[in-house]
Amino acid sequence: MRHHFFVTGTDTSVGKTVLSALLCAALDAVYWKPIQTGTLEGSDRMTVMRLAGIGSDRTIDEVYKFVPPVAPDLAARWAGVEIDVAKITLPPHLTNDWLVVEGAGGVLVPINQKQFILDMAVKLKLPVILASRSSLGTINHTLLTLAALHAAELPVHGVVLIGDQNRENRETIERFGHVRVIGEIPRLPNLHRTALIQVFMNHFDRSAFSQ
Ligand SMILES: Nc1ncnc2c1ncn2[C@@H]1O[C@H](COP(=O)(O)OP(=O)(O)OP(=O)(O)O)[C@@H](O)[C@H]1O
Ligand SMILES: [Mg+2]
């Protein structure tokens, strides 16, 4: 069976889009970012298409898009819109595809006056892949995010560490977070499809993505 995942991160700019592009390239997955802010600088969907070398037919339209590069709830309020999680529903035709859904920022980023990105993941009922930095500070951020995910009873498929390899941090996260680190993405001098697939082959537990 092919799987659908929700990719979240410990923070904004941690590498969720790069991880999503890697999964799209390696698994031929479909990509979806339901809520995108900061559209003047482009979109994560366009970045994934470029990095993974996939066409727009392997992506799904955003549900909410806002120009200002701020948190979704603020961008929506400025636009006079309220983000309604009920409107963010999985497209029905994807049961035979791998699907990667990217959140925005981290799990406690507000999307309206009552709800967080976490509530979008709960609504979609998808197992989570957590993108975390490998470097100093990651243990606290990663364990706090995992605590929020566990409290919401969301299954965590695994953690992916981004940056220079750090075996001690990896082991600590696995021990205290009760999770598996299923992949590592080193700093890449050039981000492109071939490099990302190579990282998947060499630095990911491919059994975590077996069909
Ligand atoms: N492994 C890597 N090697 C080199 N550059 C990376 C790597 N991972 C991420 N980056 C760079 O770091 C920046 C942030 O990464 P990315 O856009 O994937 O973060 P994000 O978590 O998706 O951010 P956002 O919260 O805005 O969606 C980008 O410029 C990206 O190219
Ligand atoms: Mg992103």
# chains A, B, ... in the order shown; residues from 1 in each chain; ligands from 1

$ residues_around --residues "Leu188 of chain A" --least-positions-apart "6" --cutoff "9 Å" --atoms "only C-alpha atoms" --output "PyMOL selection string"
chain A and resi 163+195-196

$ select_by_dssp --residues "segment 104-162 of chain A" --states "alpha helix (DSSP H)" --output "compact mmCIF listing (two decimals) with N, CA, C and O atoms, in the first residue's frame"
# COMPACT_ATOMS: atom_id res chain seq x y z
N ILE A 117 -1.76 24.47 13.10
CA ILE A 117 -1.37 23.52 12.05
C ILE A 117 -1.63 22.09 12.52
O ILE A 117 -2.06 21.22 11.77
N LEU A 118 -1.37 21.85 13.81
CA LEU A 118 -1.63 20.53 14.40
C LEU A 118 -3.06 20.06 14.12
O LEU A 118 -3.29 18.88 13.82
N ASP A 119 -4.02 20.98 14.20
CA ASP A 119 -5.42 20.60 13.98
C ASP A 119 -5.67 20.22 12.52
O ASP A 119 -6.54 19.40 12.24
N MET A 120 -4.89 20.81 11.62
CA MET A 120 -5.01 20.41 10.22
C MET A 120 -4.52 18.97 10.05
O MET A 120 -5.14 18.16 9.35
N ALA A 121 -3.42 18.63 10.71
CA ALA A 121 -2.89 17.26 10.63
C ALA A 121 -3.88 16.27 11.25
O ALA A 121 -4.10 15.18 10.71
N VAL A 122 -4.50 16.67 12.37
CA VAL A 122 -5.50 15.80 13.02
C VAL A 122 -6.68 15.59 12.08
O VAL A 122 -7.16 14.47 11.89
N LYS A 123 -7.12 16.68 11.46
CA LYS A 123 -8.27 16.59 10.54
C LYS A 123 -7.95 15.65 9.37
O LYS A 123 -8.77 14.84 8.96
N LEU A 124 -6.73 15.73 8.85
CA LEU A 124 -6.36 14.89 7.70
C LEU A 124 -6.03 13.46 8.12
O LEU A 124 -5.94 12.57 7.27
N THR A 138 18.42 21.04 18.91
CA THR A 138 17.36 20.23 18.28
C THR A 138 16.64 19.33 19.27
O THR A 138 15.47 19.01 19.09
N ILE A 139 17.33 18.90 20.33
CA ILE A 139 16.70 17.94 21.24
C ILE A 139 15.46 18.58 21.87
O ILE A 139 14.36 18.01 21.85
N ASN A 140 15.62 19.78 22.38
CA ASN A 140 14.49 20.48 23.00
C ASN A 140 13.37 20.71 22.00
O ASN A 140 12.21 20.38 22.25
N HIS A 141 13.70 21.25 20.82
CA HIS A 141 12.66 21.55 19.83
C HIS A 141 11.96 20.28 19.35
O HIS A 141 10.75 20.25 19.17
N THR A 142 12.75 19.24 19.14
CA THR A 142 12.17 18.00 18.61
C THR A 142 11.29 17.33 19.65
O THR A 142 10.16 16.90 19.34
N LEU A 143 11.77 17.25 20.90
CA LEU A 143 10.97 16.58 21.94
C LEU A 143 9.70 17.37 22.25
O LEU A 143 8.64 16.77 22.50
N LEU A 144 9.77 18.70 22.23
CA LEU A 144 8.56 19.50 22.46
C LEU A 144 7.54 19.25 21.34
O LEU A 144 6.34 19.09 21.59
N THR A 145 8.02 19.19 20.11
CA THR A 145 7.10 18.95 18.98
C THR A 145 6.50 17.55 19.09
O THR A 145 5.30 17.36 18.88
N LEU A 146 7.33 16.57 19.44
CA LEU A 146 6.82 15.20 19.57
C LEU A 146 5.79 15.12 20.70
O LEU A 146 4.77 14.42 20.58
N ALA A 147 6.02 15.88 21.79
CA ALA A 147 5.06 15.87 22.90
C ALA A 147 3.71 16.40 22.42
O ALA A 147 2.65 15.85 22.76
N ALA A 148 3.73 17.45 21.61
CA ALA A 148 2.47 18.01 21.08
C ALA A 148 1.79 17.01 20.14
O ALA A 148 0.57 16.85 20.18
N LEU A 149 2.58 16.32 19.34
CA LEU A 149 2.01 15.33 18.41
C LEU A 149 1.42 14.15 19.18
O LEU A 149 0.32 13.68 18.87
N HIS A 150 2.13 13.70 20.21
CA HIS A 150 1.62 12.58 21.01
C HIS A 150 0.35 12.99 21.75
O HIS A 150 -0.62 12.22 21.80
N ALA A 151 0.32 14.21 22.30
CA ALA A 151 -0.87 14.68 23.02
C ALA A 151 -2.08 14.72 22.10
O ALA A 151 -3.21 14.49 22.52

$ residues_near_ligand --ligand "ligand 1" --cutoff "6 Å" --atoms "only C-alpha atoms and all ligand atoms" --output "list in words"
Thr12, Ser13, Val14, Gly15, Lys16, Thr17, Val18, Ala104, Gly105, Ile162, Ile185, Pro186, Arg187 and Leu188 of chain A

$ residues_near_ligand --ligand "ligand 2" --cutoff "12 Å" --atoms "only C-alpha atoms and all ligand atoms" --output "number ranges by chain"
A: 7-21, 31-39, 41-48, 69, 100-106, 131

$ select_by_dssp --residues "segment 12-207 of chain A" --states "strand (DSSP E or B)" --output "ChimeraX atom specification"
/A:30-32,35-36,59-60,64-65,99-106,110,116,128-133,156-162,181-185,204

$ closest_residue --among "A:Ala152, A:Leu161, A:Val179, A:Ile60" --to "Ala29 of chain A" --atoms "only C-alpha atoms"
A:Ile60
